[in-house]
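Chemist: Contents of query20.cif (mmCIF, C-alpha atoms and all ligand atoms) are given next:
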```cif
data_my_file
#
loop_
_atom_site.label_atom_id
_atom_site.label_comp_id
_atom_site.auth_asym_id
_atom_site.auth_seq_id
_atom_site.Cartn_x
_atom_site.Cartn_y
_atom_site.Cartn_z
CA MET A 14 61.43 71.31 146.61
CA THR A 15 60.11 67.95 145.37
CA PRO A 16 61.66 64.65 146.57
CA GLN A 17 63.18 64.11 143.10
CA LYS A 18 64.95 67.47 143.13
CA LYS A 19 66.07 66.98 146.70
CA LEU A 20 67.51 63.61 145.73
CA LEU A 21 69.43 65.23 142.86
CA GLY A 22 70.97 67.75 145.27
CA GLU A 23 71.95 64.93 147.61
CA GLU A 24 73.45 62.76 144.87
CA LEU A 25 75.48 65.67 143.51
CA GLU A 26 76.68 66.57 146.98
CA ALA A 27 77.64 62.96 147.76
CA GLN A 28 79.77 62.75 144.61
CA HIS A 29 81.46 66.05 145.40
CA GLN A 30 82.16 64.79 148.90
CA ARG A 31 83.70 61.66 147.37
CA ILE A 32 85.98 63.87 145.24
CA GLU A 33 87.03 65.81 148.36
CA THR A 34 87.85 62.58 150.15
CA MET A 35 89.88 61.31 147.21
CA ALA A 36 91.79 64.61 147.02
CA GLN A 37 92.58 64.29 150.72
CA MET A 38 93.96 60.80 150.08
CA VAL A 39 96.35 62.28 147.52
CA ARG A 40 97.51 64.87 150.07
CA ASP A 41 98.01 62.25 152.77
CA ALA A 42 100.03 59.82 150.64
CA SER A 43 103.46 59.82 149.04
CA GLY A 44 105.36 57.87 146.43
CA GLU A 45 103.59 54.95 144.75
CA GLU A 46 100.63 55.33 147.09
CA ARG A 47 100.20 58.93 146.01
CA GLU A 48 100.44 57.91 142.34
CA GLN A 49 97.61 55.44 142.91
CA ALA A 50 95.49 57.92 144.87
CA PHE A 51 95.96 60.53 142.13
CA LEU A 52 95.00 57.94 139.51
CA ALA A 53 91.83 56.98 141.42
CA LEU A 54 90.90 60.67 141.75
CA ARG A 55 91.45 61.30 138.05
CA ARG A 56 89.32 58.32 137.04
CA TYR A 57 86.45 59.34 139.31
CA LEU A 58 86.66 62.98 138.29
CA ALA A 59 86.71 62.03 134.58
CA ALA A 60 83.57 59.90 135.03
CA HIS A 61 81.82 62.58 137.11
CA GLU A 62 82.54 65.48 134.76
CA ALA A 63 81.78 63.39 131.64
CA VAL A 64 78.33 62.52 133.00
CA GLU A 65 77.67 66.12 134.05
CA GLN A 66 78.65 67.29 130.57
CA SER A 67 76.59 64.59 128.86
CA VAL A 68 73.36 65.09 130.80
CA MET A 69 73.29 67.62 133.64
CA HIS A 70 74.63 70.81 132.07
CA PRO A 71 72.79 70.23 128.73
CA THR A 72 69.50 69.54 130.56
CA PHE A 73 69.83 72.80 132.46
CA ARG A 74 70.83 74.70 129.35
CA ALA A 75 67.81 73.32 127.46
CA LEU A 76 65.45 74.75 130.10
CA GLY A 77 66.01 78.13 128.49
CA ARG A 78 66.69 81.56 129.95
CA ASP A 79 70.16 80.28 130.71
CA ASP A 80 71.89 82.82 132.90
CA GLY A 81 75.23 81.40 131.80
CA ALA A 82 75.62 79.14 134.84
CA ALA A 83 75.82 75.88 132.84
CA ASP A 84 78.33 77.32 130.36
CA ALA A 85 80.42 78.79 133.17
CA ARG A 86 80.55 75.38 134.90
CA VAL A 87 81.67 73.64 131.69
CA GLY A 88 84.36 76.31 131.31
CA GLU A 89 85.60 75.49 134.82
CA GLU A 90 85.62 71.78 133.99
CA ASP A 91 87.78 72.50 130.93
CA ALA A 92 90.16 74.54 133.09
CA ALA A 93 90.33 71.67 135.62
CA ALA A 94 91.19 69.24 132.81
CA GLU A 95 94.09 71.50 131.79
CA ALA A 96 95.27 71.72 135.39
CA VAL A 97 95.23 67.91 135.67
CA ALA A 98 97.18 67.59 132.42
CA ALA A 99 99.87 69.88 133.87
CA LEU A 100 99.96 67.89 137.14
CA GLU A 101 100.43 64.68 135.17
CA GLU A 102 103.77 66.02 133.98
CA LEU A 103 105.10 66.46 137.52
CA ASP A 104 106.78 64.19 140.05
CA VAL A 105 104.05 63.49 142.63
CA ASP A 106 106.56 63.87 145.49
CA GLY A 107 107.91 67.21 144.29
CA ASP A 108 107.09 70.59 145.85
CA GLU A 109 105.66 71.77 142.56
CA PHE A 110 103.10 68.97 142.51
CA THR A 111 102.13 69.58 146.13
CA ARG A 112 101.66 73.29 145.49
CA ASP A 113 99.83 72.97 142.16
CA PHE A 114 97.66 70.12 143.43
CA GLU A 115 96.46 72.36 146.26
CA ALA A 116 95.43 75.08 143.80
CA PHE A 117 93.71 72.49 141.60
CA ALA A 118 91.87 70.89 144.56
CA GLN A 119 90.69 74.32 145.70
CA ASP A 120 89.37 75.12 142.20
CA VAL A 121 87.57 71.76 142.04
CA HIS A 122 86.06 72.47 145.47
CA ASP A 123 84.88 75.95 144.40
CA HIS A 124 83.46 74.53 141.17
CA ALA A 125 81.47 71.90 143.09
CA GLU A 126 80.14 74.57 145.47
CA ARG A 127 78.93 76.63 142.51
CA GLU A 128 77.20 73.61 140.97
CA GLU A 129 75.39 72.95 144.24
CA HIS A 130 74.63 76.51 145.31
CA ASP A 131 74.43 78.50 142.08
CA GLU A 132 73.73 76.31 139.04
CA LEU A 133 71.33 73.79 140.60
CA PRO A 134 69.20 76.36 142.48
CA SER A 135 69.00 78.60 139.42
CA PHE A 136 67.37 75.77 137.44
CA ALA A 137 65.56 73.92 140.23
CA SER A 138 62.26 75.77 139.86
CA ARG A 139 62.21 75.29 136.09
CA MET A 140 63.20 71.65 135.83
CA SER A 141 60.63 68.88 135.96
CA ASP A 142 60.80 65.91 138.32
CA GLU A 143 61.53 63.82 135.21
CA ASP A 144 64.57 65.99 134.47
CA ALA A 145 65.79 65.49 138.04
CA ASP A 146 65.19 61.73 137.80
CA GLU A 147 67.12 61.55 134.55
CA ILE A 148 70.14 63.43 135.95
CA VAL A 149 70.18 61.24 139.07
CA ALA A 150 70.04 58.10 136.90
CA ALA A 151 72.96 59.44 134.85
CA LEU A 152 75.01 60.36 137.95
CA ARG A 153 74.46 56.86 139.31
CA GLN A 154 76.52 55.54 136.39
CA VAL A 155 79.59 57.46 137.57
CA GLU A 156 80.92 54.88 140.01
CA SER A 157 80.90 52.03 137.52
CA ILE A 158 82.29 54.19 134.70
CA ALA A 159 85.18 55.25 136.96
CA GLY A 160 85.99 51.57 137.49
CA ALA A 161 85.63 50.56 133.84
CA GLU A 162 88.52 48.87 132.08
CA ALA A 163 88.25 51.45 129.27
CA LEU A 164 89.59 54.12 131.66
CA SER A 165 92.81 52.21 132.33
CA ALA A 166 96.22 52.84 130.84
CA GLY A 167 96.08 49.33 129.35
CA ALA A 168 93.06 50.40 127.31
CA GLY A 169 94.88 53.54 126.14
CA ALA A 170 93.61 55.94 128.83
CA ALA A 171 96.89 56.86 130.50
CA ARG A 172 96.12 60.57 130.70
CA PHE A 173 93.18 62.55 131.98
CA ALA A 174 92.13 63.69 128.49
CA ASP A 175 91.97 60.03 127.40
CA MET A 176 90.08 59.08 130.57
CA LEU A 177 87.52 61.80 129.85
CA GLU A 178 87.04 60.58 126.31
CA ALA A 179 86.75 56.96 127.44
CA ALA A 180 84.28 57.99 130.18
CA ARG A 181 82.09 59.79 127.63
CA ALA A 182 82.07 56.73 125.35
CA GLU A 183 81.31 54.39 128.29
CA PHE A 184 78.48 56.62 129.42
CA ASP A 185 76.95 56.85 125.93
CA GLN A 186 76.92 53.06 125.67
CA ARG A 187 75.31 52.58 129.09
CA TRP A 188 72.83 55.39 128.59
CA ASP A 189 71.65 53.98 125.27
CA ALA A 190 71.15 50.63 126.96
CA VAL A 191 69.26 51.88 130.02
CA SER A 192 67.11 54.73 128.84
CA HIS A 193 66.71 55.06 125.11
FE FE B 1 81.33 69.68 137.32
FE FE B 2 80.18 68.16 139.86
#
```
Go through the file and emit its structure as structure tokens.
Modeler:
Amino acid sequence: MTPQKKLLGEELEAQHQRIETMAQMVRDASGEEREQAFLALRRYLAAHEAVEQSVMHPTFRALGRDDGAADARVGEEDAAAEAVAALEELDVDGDEFTRDFEAFAQDVHDHAEREEHDELPSFASRMSDEDADEIVAALRQVESIAGAEALSAGAGAARFADMLEAARAEFDQRWDAVSH
């Protein structure tokens, strides 16, 4: 394992840990505080998945001999987006939200585990250090994309689907500026 690939594993893991922490904050809060914690989680998750879908999964897929791991992960991300859309319809203090949020958080956790322990290892030997560097550089945009004005309700991103779209557009802009 080269330092570049090791760094990619660490960056991915750190972001997944961040998502876990944010999900825990939703569990621990109620009322307006829970609304805000759920919003922060959605913004971060939208930025994280948008960057993975823009660079990480396509890079792995392009390495050839795809065993389906990248496609399976994107399928899980689509399912998570649907689960978030359903949660957005619920009262955050209701039993239904608490129950469905738990199922969603578990799915997100399992998805992250598969990215770290199935998808990444299955491509690690085939990817170049440059590929790893590029994915790390892309993932490092996540934090600032999550905080971007474009992902706010005021900018028209009130729902997760809008946040995802705004995150993709934000990423494309930044990526063009930094690397191409
Ligand atoms: Fe993902
Ligand atoms: Fe991920």
Chemist: If we count all atoms listed in the file, what is near region 25-30 of chain A at a cut-off of 10 Å, once residues fewer than 3 positions away on the same chain are taken out, given as a list in words?
Modeler: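 Returned residues: Leu20, Leu21, Gly22, Glu33, Thr34, Met35, Ala36, Tyr57, Leu58, His61, Glu65, Val121, His122, His124, Ala125, Glu126, Glu128, Glu129, Leu133, Ile148, Val149, Leu152, Arg153, Val155 and Glu156 of chain A.
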Chemist: Between A:Ala174, A:Gly81, A:Arg86, A:Met14, which residue has the minimum interatomic distance to ligand FE 2 (chain B), considering only C-alpha atoms and all ligand atoms?
Modeler: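 Looking only at the distances to ligand FE 2 (chain B), the closest residue turns out to be A:Arg86.
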Chemist: My list of candidates is A:Phe173, A:Ala145, A:Glu102, A:Glu89. Which is closest to ligand FE 2 (chain B) when distances are computed with all atoms listed in the file?
Modeler: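 Nearest to ligand FE 2 (chain B): A:Glu89.
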Chemist: Applying 12 Å and all atoms listed in the file, which residues near Leu52 (chain A) remain after dropping the ones on its own chain fewer than 5 positions away? List them as a CSV table (one decimal) with C-alpha atoms, in the frame of the given file.
Modeler:
```
chain,number,residue,atom,x,y,z
A,35,MET,CA,89.9,61.3,147.2
A,36,ALA,CA,91.8,64.6,147.0
A,38,MET,CA,94.0,60.8,150.1
A,39,VAL,CA,96.4,62.3,147.5
A,45,GLU,CA,103.6,55.0,144.8
A,46,GLU,CA,100.6,55.3,147.1
A,47,ARG,CA,100.2,58.9,146.0
A,57,TYR,CA,86.4,59.3,139.3
A,58,LEU,CA,86.7,63.0,138.3
A,59,ALA,CA,86.7,62.0,134.6
A,97,VAL,CA,95.2,67.9,135.7
A,100,LEU,CA,100.0,67.9,137.1
A,101,GLU,CA,100.4,64.7,135.2
A,105,VAL,CA,104.0,63.5,142.6
A,159,ALA,CA,85.2,55.2,137.0
A,160,GLY,CA,86.0,51.6,137.5
A,164,LEU,CA,89.6,54.1,131.7
A,165,SER,CA,92.8,52.2,132.3
A,166,ALA,CA,96.2,52.8,130.8
A,170,ALA,CA,93.6,55.9,128.8
A,171,ALA,CA,96.9,56.9,130.5
A,172,ARG,CA,96.1,60.6,130.7
A,173,PHE,CA,93.2,62.6,132.0
A,176,MET,CA,90.1,59.1,130.6
```
Chemist: Identify which of the residues A:Phe114, A:Asp91, A:Gln37, A:Asp146 lies closest to ligand FE 1 (chain B), counting only C-alpha atoms and all ligand atoms when measuring atom-to-atom distances.
Modeler: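 Ranking A:Phe114, A:Asp91, A:Gln37, A:Asp146 by distance to ligand FE 1 (chain B), first place goes to A:Asp91.
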Chemist: I'd like to know which of A:Arg127, A:Arg55, A:Arg112, A:His70 is closest to Arg40 (chain A), using all atoms listed in the file.
Modeler: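 Closest candidate: A:Arg112.
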Chemist: So which one's closest to Asp41 (chain A), A:Asp142, A:Asp106, A:Asp131, A:Glu95? Using only C-alpha atoms, please.
Modeler: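 Nearest to Asp41 (chain A): A:Asp106.
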Chemist: With distances taken over all atoms listed in the file, which of A:Ser138, A:Ala93, A:Glu62, A:Trp188 is nearest to ligand FE 1 (chain B)?
Modeler: A:Glu62
Chemist: For the atom pair CA of Ala163 (chain A) and CA of Glu183 (chain A), what is the interatomic distance in Å to one decimal place?
Modeler: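 Between CA of Ala163 (chain A) and CA of Glu183 (chain A) the gap works out to 7.6 Å.
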Chemist: Separation of CA of Ala60 (chain A) and CA of Phe184 (chain A), in Å?
Modeler: 8.3 Å
Chemist: Might you pull out every residue within 10 Å of Pro71 (chain A), with all atoms listed in the file counted and same-chain residues fewer than 6 positions away left off, and present them as a list in words?
Modeler: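 Returned residues: Glu65, Ala83, Asp84 and Val87 of chain A.
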Chemist: Please produce a file of the residues just selected, as a short mmCIF file (atom, residue, chain, number, x, y, z; two decimals), in the frame of the given file, where the atoms kept are C-alpha atoms.
Modeler:
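For reference, selection18.cif as written:
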```cif
data_model
loop_
_atom_site.label_atom_id
_atom_site.label_comp_id
_atom_site.auth_asym_id
_atom_site.auth_seq_id
_atom_site.Cartn_x
_atom_site.Cartn_y
_atom_site.Cartn_z
CA GLU A 65 77.67 66.12 134.05
CA ALA A 83 75.82 75.88 132.84
CA ASP A 84 78.33 77.32 130.36
CA VAL A 87 81.67 73.64 131.69
#
```
Chemist: Have a look at CA of Thr72 (chain A) and CA of Asp144 (chain A) and let me know their distance in Å, one decimal.
Modeler: 7.2 Å
Chemist: Start from the incomplete input, build N, CA and C atoms for region 27-39 of chain A, and deliver everything as a compact mmCIF listing (two decimals), in the coordinates of the input.
Modeler:
```txt
# COMPACT_ATOMS: atom_id res chain seq x y z
N ALA A 27 76.92 64.18 147.36
CA ALA A 27 77.64 62.96 147.76
C ALA A 27 78.84 62.71 146.84
N GLN A 28 78.65 62.97 145.53
CA GLN A 28 79.77 62.75 144.61
C GLN A 28 80.86 63.79 144.83
N HIS A 29 80.45 65.01 145.13
CA HIS A 29 81.46 66.05 145.40
C HIS A 29 82.23 65.74 146.68
N GLN A 30 81.51 65.18 147.64
CA GLN A 30 82.16 64.79 148.90
C GLN A 30 83.19 63.68 148.63
N ARG A 31 82.81 62.77 147.75
CA ARG A 31 83.70 61.66 147.37
C ARG A 31 84.99 62.23 146.75
N ILE A 32 84.82 63.24 145.89
CA ILE A 32 85.98 63.87 145.24
C ILE A 32 86.88 64.53 146.29
N GLU A 33 86.26 65.19 147.26
CA GLU A 33 87.03 65.81 148.36
C GLU A 33 87.84 64.76 149.12
N THR A 34 87.18 63.65 149.40
CA THR A 34 87.85 62.58 150.15
C THR A 34 89.03 62.02 149.36
N MET A 35 88.82 61.84 148.05
CA MET A 35 89.88 61.31 147.21
C MET A 35 91.05 62.29 147.10
N ALA A 36 90.73 63.60 147.07
CA ALA A 36 91.79 64.61 147.02
C ALA A 36 92.59 64.58 148.32
N GLN A 37 91.89 64.37 149.43
CA GLN A 37 92.58 64.29 150.72
C GLN A 37 93.52 63.08 150.75
N MET A 38 93.11 61.99 150.12
CA MET A 38 93.96 60.80 150.08
C MET A 38 95.25 61.06 149.30
N VAL A 39 95.14 61.91 148.27
CA VAL A 39 96.35 62.28 147.52
C VAL A 39 97.29 63.08 148.43
```
